[in-house]
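Input: a single structure, listed below in structure tokens.
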Amino acid sequence: MFELGPILSKAFATLSGWVIAHGVPAMGAWIINKSIQVGALVLGVSLVPMVLVYAERKVSAFMQARLGPMNVGPYGIFQTLADGVKLIFKEDVIPIGSDRILHVLAPMVACAPAFVCFAPVPFGKGLVPINLDIGVIFIFAVSGITTIGVLMAGWGSGNKFSMLGGIRGAAQIVSYEIPRVLSVVPVLMFYGTQSLQGIAMAQTGRWHGFLPKWFIFYPVIGQIAFLIFLIASVAETNRVPFDIPEAESELVAGFHTEFSGLKFALFFLAEYAYVFLSSAMAAALFFGGGDGFSAGGIIPSWLWFLGKTFAIVFLFLWFRWTFPRLRVDRLMQFCWQFLLPWSLANIAFAGLAVLLRS
Amino acid sequence: MANETTVPTVAPEVFPQVAPEKGMFISLGPQHPSTHGVLRVAITTDGEIVTSAQPDLGYLHRATEKLAEKRTYPQIIVLTDRLDYLAAMTNNWSFCLAVEKMMAVAIPERADYLRIIVGELQRIASHCVFLGTYGIDIGAFTPFLVAFGRERERILDLFEEICGARLTYNYIRIGGVMADAPEGWEAKVRKFVKEMWGHLKEYDTLLTYNPIFMDRTQNIGKMSQEMAIAWGITGPNLRATGFKADVRKDDPYGLYSKISFDIPVGKQGDCWDRYWVRIQEMRESLKIIDQALDQMQPGDTMGKIAKTFRVPVGEGYAHLEAPRGDLGFYIVSDGTPSPYRMHIRPPSFVNLQILQVLLKGWKVSDVIAILGSIDIVLGEVDR
């Protein structure tokens, strides 16, 4: 009833019709439409961290027997906004010993891919910015660029703690990328498509009339795949218990020790954007995307999708405020000796299941 | 391009700085989140492995021992508050014990029981800080706000009620304690003790038996018994190696001989054992408080002692089991109102020295785990 997809496509069709009627070529109308869409997406992605930071503060406060922000706005809802303003007006310090170019470029290189990654995410029925056929692989490929930003930040700061953090970060992200990609392979094998939209659509329907046909409910394979994806995603986003590149108590602030003001905010933005992206991916891959329990119900698909995404985001927050940090060598050991074999085994299981099904 | 500006170098005799032939020199501190104050550890590493570590002290030096020579005895108690600021009660107590020993003052029984109660509450508060900050060192933030912000806060409230201060108490005086406990205070302590048992269980689920925490701390920073004794380690750090030594049992002071409690000991002296011994000590402290409350009778809280007094010529030494180990005060009196010389045996300072051998061969992440598990307070290290 409140589906945004049809409304928006109608609105954009009307807009391009109106623009073309005023003498703009079809190509121009397309460009105008896409610019509006991209603008909305970039704005949305920049706003997501604000919501997440507020959520993180309130969740952590709840877990730590305190209140969290209470003064800026009702229940402190504008606290993140105030912090954002503070960060924008802060002095941008470039240390003497740093490599200027790398230092300036690093936050941009780390942050920009996070925005691009949202292109193939299906936010609801018909609400996908670009329905890419290689959506899943596209996200993995583009998000890998952030590693370079982390390395640049670590090296370019000219600080030993930053360098250690950058090297650790690069090693960690590259290592965990592998089980993360492999954990998704069973999903691709089952649905025979790499488009996130396609995968989400394929998960509609019910088993025995009540159990949703989400991938997570495939016995054994679905659960293993989701767990590995979740763990690897937490490691990818450098969050506790895998926050080794930042490791406050060891490396001060790791690769972003020397960054201040807006540059620091960009790293921050990237981290939370990736948390949201990983959760959105998990929602689309394992939880049926916009598919709700009540088909054709009053709750629109985009709300289902956001609900699922934030439920998974909550897991990220929960981990952060409960677990201690792993040590860097144990982290690698865990990745190579536990996650990787299991994700490979899961692919074998999935292959067997697909073979038996056909 | 790296900037050509030269960074001013500091003379190596001021800062112990070993230029490594290979590897890297890391100056951990004095401004670093995990040095628990202003400590600097000069570390050389080969990759992530520490090849040498040298603690660099003195950033917080306030010449407490010298200051004491110009003050009267009651005034020195105020100075002792500032040593180990997380356990000011035991500092007061240790100093008063030394003076009382030299003057041979009799202390009323109630005052002695009150000393035991506040002393053990202080031990719990101090270990709560250890637990919280150690959690942060390992990367878990929540235990800090639970132990530090909830339980320790309640102890500080109790202290505030009994002496008016929350950090520097000046409560234990020569000859007794400053004031009797206000009405209802004992009931509040009992209530706290009862609830603390539940909180300790919570800590166990949150940190003690957390697999990641155990992985980070078990078999890390092992200290053998011989090594600990050779370096003069006392307190929980020594007991973690399996050596049963506690001043409260070995050289009982106050009325500890009337109270039954166990000395928890560890097995192999690793970081987890040092942590676990402290958690168990909190449990023992709760038992001690309960017994002291049961045995305490109404009565005087201050012995017969003149407002201004002189300590007889001679020397005296008294020590007690502070939360961080064996805290001793050595006083030489020349018969004037202030001591001729006062020397402090600070457990943190002595325990810290072992870092230079203990840190060798471990990874940079383990350095933090080991440093935190020794539990030092820089106010006491630098005096």
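Letters for chains follow the order of the structure tokens (A, B, ...), residue numbers begin at 1 for each chain, and ligand numbers begin at 1 in the order shown.
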Quick one: residues within 6 Å of region 27-37 of chain B, only C-alpha atoms, excluding same-chain residues fewer than 3 positions away - as a PDB file with N, CA and C atoms, in the first residue's frame?
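Output saved as result_12.pdb:
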ATOM      1  N   SER A 249      43.508   0.839  22.837  1.00  0.00           N
ATOM      2  CA  SER A 249      44.409   0.708  23.970  1.00  0.00           C
ATOM      3  C   SER A 249      45.822   0.344  23.541  1.00  0.00           C
TER       4      SER A 249
ATOM      5  N   ARG B  40      56.032   5.953  30.737  1.00  0.00           N
ATOM      6  CA  ARG B  40      56.520   5.760  29.379  1.00  0.00           C
ATOM      7  C   ARG B  40      57.301   4.468  29.364  1.00  0.00           C
ATOM      8  N   VAL B  41      57.006   3.632  28.418  1.00  0.00           N
ATOM      9  CA  VAL B  41      57.780   2.409  28.242  1.00  0.00           C
ATOM     10  C   VAL B  41      58.463   2.500  26.892  1.00  0.00           C
ATOM     11  N   ALA B  42      59.789   2.484  26.914  1.00  0.00           N
ATOM     12  CA  ALA B  42      60.553   2.538  25.680  1.00  0.00           C
ATOM     13  C   ALA B  42      60.722   1.111  25.180  1.00  0.00           C
ATOM     14  N   LEU B 378      50.369   5.220  38.986  1.00  0.00           N
ATOM     15  CA  LEU B 378      51.552   6.051  38.813  1.00  0.00           C
ATOM     16  C   LEU B 378      51.745   7.028  39.955  1.00  0.00           C
TER      17      LEU B 378
END
Write out as JSON lines the residues of chain B that have any atom within 9 Å of an atom of chain A, one row each with the nearest atom pair and its distance in Å to one decimal, counting only C-alpha atoms, sorted by chain and then rising number.
{"residue": "B:Met1", "atom": "CA", "partner": "A:Asp99", "partner_atom": "CA", "distance": 5.2}
{"residue": "B:Ala2", "atom": "CA", "partner": "A:Asp99", "partner_atom": "CA", "distance": 5.0}
{"residue": "B:Asn3", "atom": "CA", "partner": "A:Gly97", "partner_atom": "CA", "distance": 5.5}
{"residue": "B:Glu4", "atom": "CA", "partner": "A:Gly97", "partner_atom": "CA", "distance": 7.9}
{"residue": "B:Thr5", "atom": "CA", "partner": "A:Ile96", "partner_atom": "CA", "distance": 7.2}
{"residue": "B:Thr6", "atom": "CA", "partner": "A:Gly97", "partner_atom": "CA", "distance": 8.9}
{"residue": "B:Val7", "atom": "CA", "partner": "A:Gly97", "partner_atom": "CA", "distance": 8.5}
{"residue": "B:Met24", "atom": "CA", "partner": "A:Lys160", "partner_atom": "CA", "distance": 8.6}
{"residue": "B:Phe25", "atom": "CA", "partner": "A:Lys160", "partner_atom": "CA", "distance": 8.8}
{"residue": "B:Ile26", "atom": "CA", "partner": "A:Lys160", "partner_atom": "CA", "distance": 7.2}
{"residue": "B:Leu28", "atom": "CA", "partner": "A:Glu250", "partner_atom": "CA", "distance": 9.0}
{"residue": "B:His32", "atom": "CA", "partner": "A:Val252", "partner_atom": "CA", "distance": 6.4}
{"residue": "B:Pro33", "atom": "CA", "partner": "A:Ser249", "partner_atom": "CA", "distance": 5.4}
{"residue": "B:Ser34", "atom": "CA", "partner": "A:Ser249", "partner_atom": "CA", "distance": 5.2}
{"residue": "B:Thr35", "atom": "CA", "partner": "A:Ser249", "partner_atom": "CA", "distance": 8.8}
{"residue": "B:Glu48", "atom": "CA", "partner": "A:Leu164", "partner_atom": "CA", "distance": 9.0}
{"residue": "B:Gly135", "atom": "CA", "partner": "A:Pro324", "partner_atom": "CA", "distance": 7.1}
{"residue": "B:Ile136", "atom": "CA", "partner": "A:Ser249", "partner_atom": "CA", "distance": 6.8}
{"residue": "B:Asp137", "atom": "CA", "partner": "A:Ser249", "partner_atom": "CA", "distance": 5.2}
{"residue": "B:Ile138", "atom": "CA", "partner": "A:Pro324", "partner_atom": "CA", "distance": 5.6}
{"residue": "B:Gly139", "atom": "CA", "partner": "A:Pro324", "partner_atom": "CA", "distance": 4.5}
{"residue": "B:Ala140", "atom": "CA", "partner": "A:Pro324", "partner_atom": "CA", "distance": 4.0}
{"residue": "B:Phe141", "atom": "CA", "partner": "A:Trp321", "partner_atom": "CA", "distance": 6.3}
{"residue": "B:Thr142", "atom": "CA", "partner": "A:Gln64", "partner_atom": "CA", "distance": 5.7}
{"residue": "B:Pro143", "atom": "CA", "partner": "A:Gln64", "partner_atom": "CA", "distance": 7.9}
{"residue": "B:Phe144", "atom": "CA", "partner": "A:Gln64", "partner_atom": "CA", "distance": 8.5}
{"residue": "B:Leu145", "atom": "CA", "partner": "A:Gln64", "partner_atom": "CA", "distance": 5.7}
{"residue": "B:Val146", "atom": "CA", "partner": "A:Gln64", "partner_atom": "CA", "distance": 5.9}
{"residue": "B:Gly149", "atom": "CA", "partner": "A:Ala65", "partner_atom": "CA", "distance": 8.4}
{"residue": "B:Arg150", "atom": "CA", "partner": "A:Ala65", "partner_atom": "CA", "distance": 7.7}
{"residue": "B:Leu206", "atom": "CA", "partner": "A:Thr322", "partner_atom": "CA", "distance": 7.2}
{"residue": "B:Leu207", "atom": "CA", "partner": "A:Pro324", "partner_atom": "CA", "distance": 8.0}
{"residue": "B:Asn210", "atom": "CA", "partner": "A:Phe323", "partner_atom": "CA", "distance": 8.0}
{"residue": "B:Ile212", "atom": "CA", "partner": "A:Leu326", "partner_atom": "CA", "distance": 6.2}
{"residue": "B:Phe213", "atom": "CA", "partner": "A:Pro324", "partner_atom": "CA", "distance": 6.0}
{"residue": "B:Asp215", "atom": "CA", "partner": "A:Leu326", "partner_atom": "CA", "distance": 8.0}
{"residue": "B:Arg216", "atom": "CA", "partner": "A:Arg327", "partner_atom": "CA", "distance": 6.6}
{"residue": "B:Val364", "atom": "CA", "partner": "A:Glu250", "partner_atom": "CA", "distance": 7.6}
{"residue": "B:Ser365", "atom": "CA", "partner": "A:Glu250", "partner_atom": "CA", "distance": 6.2}
{"residue": "B:Asp366", "atom": "CA", "partner": "A:Arg327", "partner_atom": "CA", "distance": 8.1}
{"residue": "B:Val367", "atom": "CA", "partner": "A:Glu250", "partner_atom": "CA", "distance": 8.5}
{"residue": "B:Ile368", "atom": "CA", "partner": "A:Glu250", "partner_atom": "CA", "distance": 6.4}
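Residue nearest Met332 (chain A), chosen from A:Ser175, A:Ser279, A:Ser233, A:Ser260 and counting only C-alpha atoms: A:Ser175.
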Exercise for review: Tell me which protein, DNA and RNA residues are within 10 Å of region 271-278 of chain B, counting only C-alpha atoms, leaving out same-chain ones fewer than 6 positions away, and put them as a PyMOL selection string.
Suggested key: chain B and resi 123-124+126-128+130-131+134+204+208-209+213-223+235-242+263-265+284+323-324+366+369-375
Expected file: the selected residues, C-alpha atoms, as a PDB file, in the first residue's frame:
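Below is the file that was written, result_16.pdb:
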ATOM      1  CA  ARG B 123      40.357  -3.110  48.121  1.00  0.00           C
ATOM      2  CA  ILE B 124      37.133  -3.907  46.278  1.00  0.00           C
ATOM      3  CA  SER B 126      40.561  -0.590  43.697  1.00  0.00           C
ATOM      4  CA  HIS B 127      40.104  -3.999  42.109  1.00  0.00           C
ATOM      5  CA  CYS B 128      36.972  -2.678  40.391  1.00  0.00           C
ATOM      6  CA  PHE B 130      41.612  -2.728  37.784  1.00  0.00           C
ATOM      7  CA  LEU B 131      38.867  -4.855  36.284  1.00  0.00           C
ATOM      8  CA  TYR B 134      41.984  -4.072  32.219  1.00  0.00           C
ATOM      9  CA  ASP B 204      32.579 -13.619  35.458  1.00  0.00           C
ATOM     10  CA  THR B 208      36.564 -13.682  33.404  1.00  0.00           C
ATOM     11  CA  TYR B 209      35.388 -16.666  31.409  1.00  0.00           C
ATOM     12  CA  PHE B 213      39.494 -12.624  27.080  1.00  0.00           C
ATOM     13  CA  MET B 214      40.945 -15.951  28.197  1.00  0.00           C
ATOM     14  CA  ASP B 215      42.679 -16.310  24.869  1.00  0.00           C
ATOM     15  CA  ARG B 216      44.214 -12.884  25.255  1.00  0.00           C
ATOM     16  CA  THR B 217      45.414 -13.389  28.825  1.00  0.00           C
ATOM     17  CA  GLN B 218      46.076 -17.066  29.478  1.00  0.00           C
ATOM     18  CA  ASN B 219      49.703 -18.163  29.087  1.00  0.00           C
ATOM     19  CA  ILE B 220      50.630 -14.527  28.412  1.00  0.00           C
ATOM     20  CA  GLY B 221      53.262 -12.750  30.481  1.00  0.00           C
ATOM     21  CA  LYS B 222      54.088 -15.739  32.643  1.00  0.00           C
ATOM     22  CA  MET B 223      55.973 -14.912  35.807  1.00  0.00           C
ATOM     23  CA  GLY B 235      50.379  -8.658  46.432  1.00  0.00           C
ATOM     24  CA  PRO B 236      48.103 -10.265  43.856  1.00  0.00           C
ATOM     25  CA  ASN B 237      50.941 -10.442  41.334  1.00  0.00           C
ATOM     26  CA  LEU B 238      52.958 -12.694  43.634  1.00  0.00           C
ATOM     27  CA  ARG B 239      49.963 -14.742  44.671  1.00  0.00           C
ATOM     28  CA  ALA B 240      49.112 -15.345  41.013  1.00  0.00           C
ATOM     29  CA  THR B 241      52.309 -17.378  40.753  1.00  0.00           C
ATOM     30  CA  GLY B 242      50.984 -19.751  43.415  1.00  0.00           C
ATOM     31  CA  ILE B 263      44.251 -16.324  50.344  1.00  0.00           C
ATOM     32  CA  PRO B 264      43.407 -17.043  46.729  1.00  0.00           C
ATOM     33  CA  VAL B 265      46.429 -18.131  44.702  1.00  0.00           C
ATOM     34  CA  GLU B 284      37.316 -12.700  50.267  1.00  0.00           C
ATOM     35  CA  PRO B 323      45.316  -3.709  47.101  1.00  0.00           C
ATOM     36  CA  ARG B 324      48.493  -3.635  45.030  1.00  0.00           C
ATOM     37  CA  ASP B 366      50.560  -8.508  24.779  1.00  0.00           C
ATOM     38  CA  ALA B 369      47.816  -7.007  28.450  1.00  0.00           C
ATOM     39  CA  ILE B 370      50.873  -7.538  30.665  1.00  0.00           C
ATOM     40  CA  LEU B 371      51.219  -3.893  31.643  1.00  0.00           C
ATOM     41  CA  GLY B 372      47.563  -3.769  32.635  1.00  0.00           C
ATOM     42  CA  SER B 373      47.705  -7.018  34.583  1.00  0.00           C
ATOM     43  CA  ILE B 374      50.522  -5.740  36.812  1.00  0.00           C
ATOM     44  CA  ASP B 375      48.075  -3.026  37.916  1.00  0.00           C
TER      45      ASP B 375
END
**Study point:** Long-range neighbours of Leu262 (chain A) as a ChimeraX atom specification, 9 Å cut-off, only C-alpha atoms, 3 positions minimum in chain
**Key:** /A:84,87-92,259,265-267
Practice item. Do a neighbour search on Gly205 (chain A) at 10 Å with only C-alpha atoms, toss out local chain neighbours closer than 5 positions, and write the hits as a PyMOL selection string. Key: chain A and resi 210-214+288+291-293+295
Write out the residues from the selection above, keeping C-alpha atoms, as a PDB file, in the first residue's frame.
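Printed below is part_10.pdb as written:
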ATOM      1  CA  PHE A 210       4.458 -20.518   6.992  1.00  0.00           C
ATOM      2  CA  LEU A 211       8.271 -20.642   6.968  1.00  0.00           C
ATOM      3  CA  PRO A 212       9.604 -17.914   4.651  1.00  0.00           C
ATOM      4  CA  LYS A 213      11.809 -19.160   1.846  1.00  0.00           C
ATOM      5  CA  TRP A 214      14.744 -17.112   3.091  1.00  0.00           C
ATOM      6  CA  GLY A 288      14.734 -12.274   1.743  1.00  0.00           C
ATOM      7  CA  ASP A 291       9.993  -9.937   1.760  1.00  0.00           C
ATOM      8  CA  GLY A 292       7.728  -9.716   4.773  1.00  0.00           C
ATOM      9  CA  PHE A 293       6.050 -12.342   6.867  1.00  0.00           C
ATOM     10  CA  ALA A 295       2.658 -11.081   1.892  1.00  0.00           C
TER      11      ALA A 295
END
Point to revise | Which of region 36-241 of chain A DSSP labels alpha helix (DSSP H), written as a ChimeraX atom specification | key: /A:36-63,79-89,100-116,135-143,145-156,160-191,196-202,221-236
Practice item. Identify, on the basis of only C-alpha atoms, every residue whose closest approach to region 113-129 of chain A does not exceed 6 Å; exclude the query and any residue fewer than 5 positions from it along the same chain; express the result as a PyMOL selection string. Key: chain A and resi 5+135+139+142-143+197+270+290+301-302
Review point. Can you list, as a ChimeraX atom specification, every protein, DNA or RNA residue that comes within 8 Å of Phe349 (chain B) when you count only C-alpha atoms, leaving out same-chain residues fewer than 3 positions away?
Key: /B:346,352-353,376,380-382
Review point. Restricting the calculation to only C-alpha atoms, which member of A:Ala348, A:Ala153, A:Ala225, A:Ala110 is positioned closest to Phe255 (chain A)?
Key: A:Ala153
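Counting only C-alpha atoms and comparing A:Ala21, A:Met27, A:Leu188, A:Ala11, the residue that lies closest to Ile347 (chain A) is A:Leu188.
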Exercise for review: Would you please work out which residue, of B:Tyr113, B:Phe148, B:Phe309, B:Tyr317, is nearest to Gly132 (chain B) when using only C-alpha atoms?
Suggested key: B:Phe148
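The shortest atom-to-atom distance to Gly149 (chain A), with only C-alpha atoms taken into account, belongs to A:Met108 out of A:Val174, A:Met108, A:Leu47, A:Val181.
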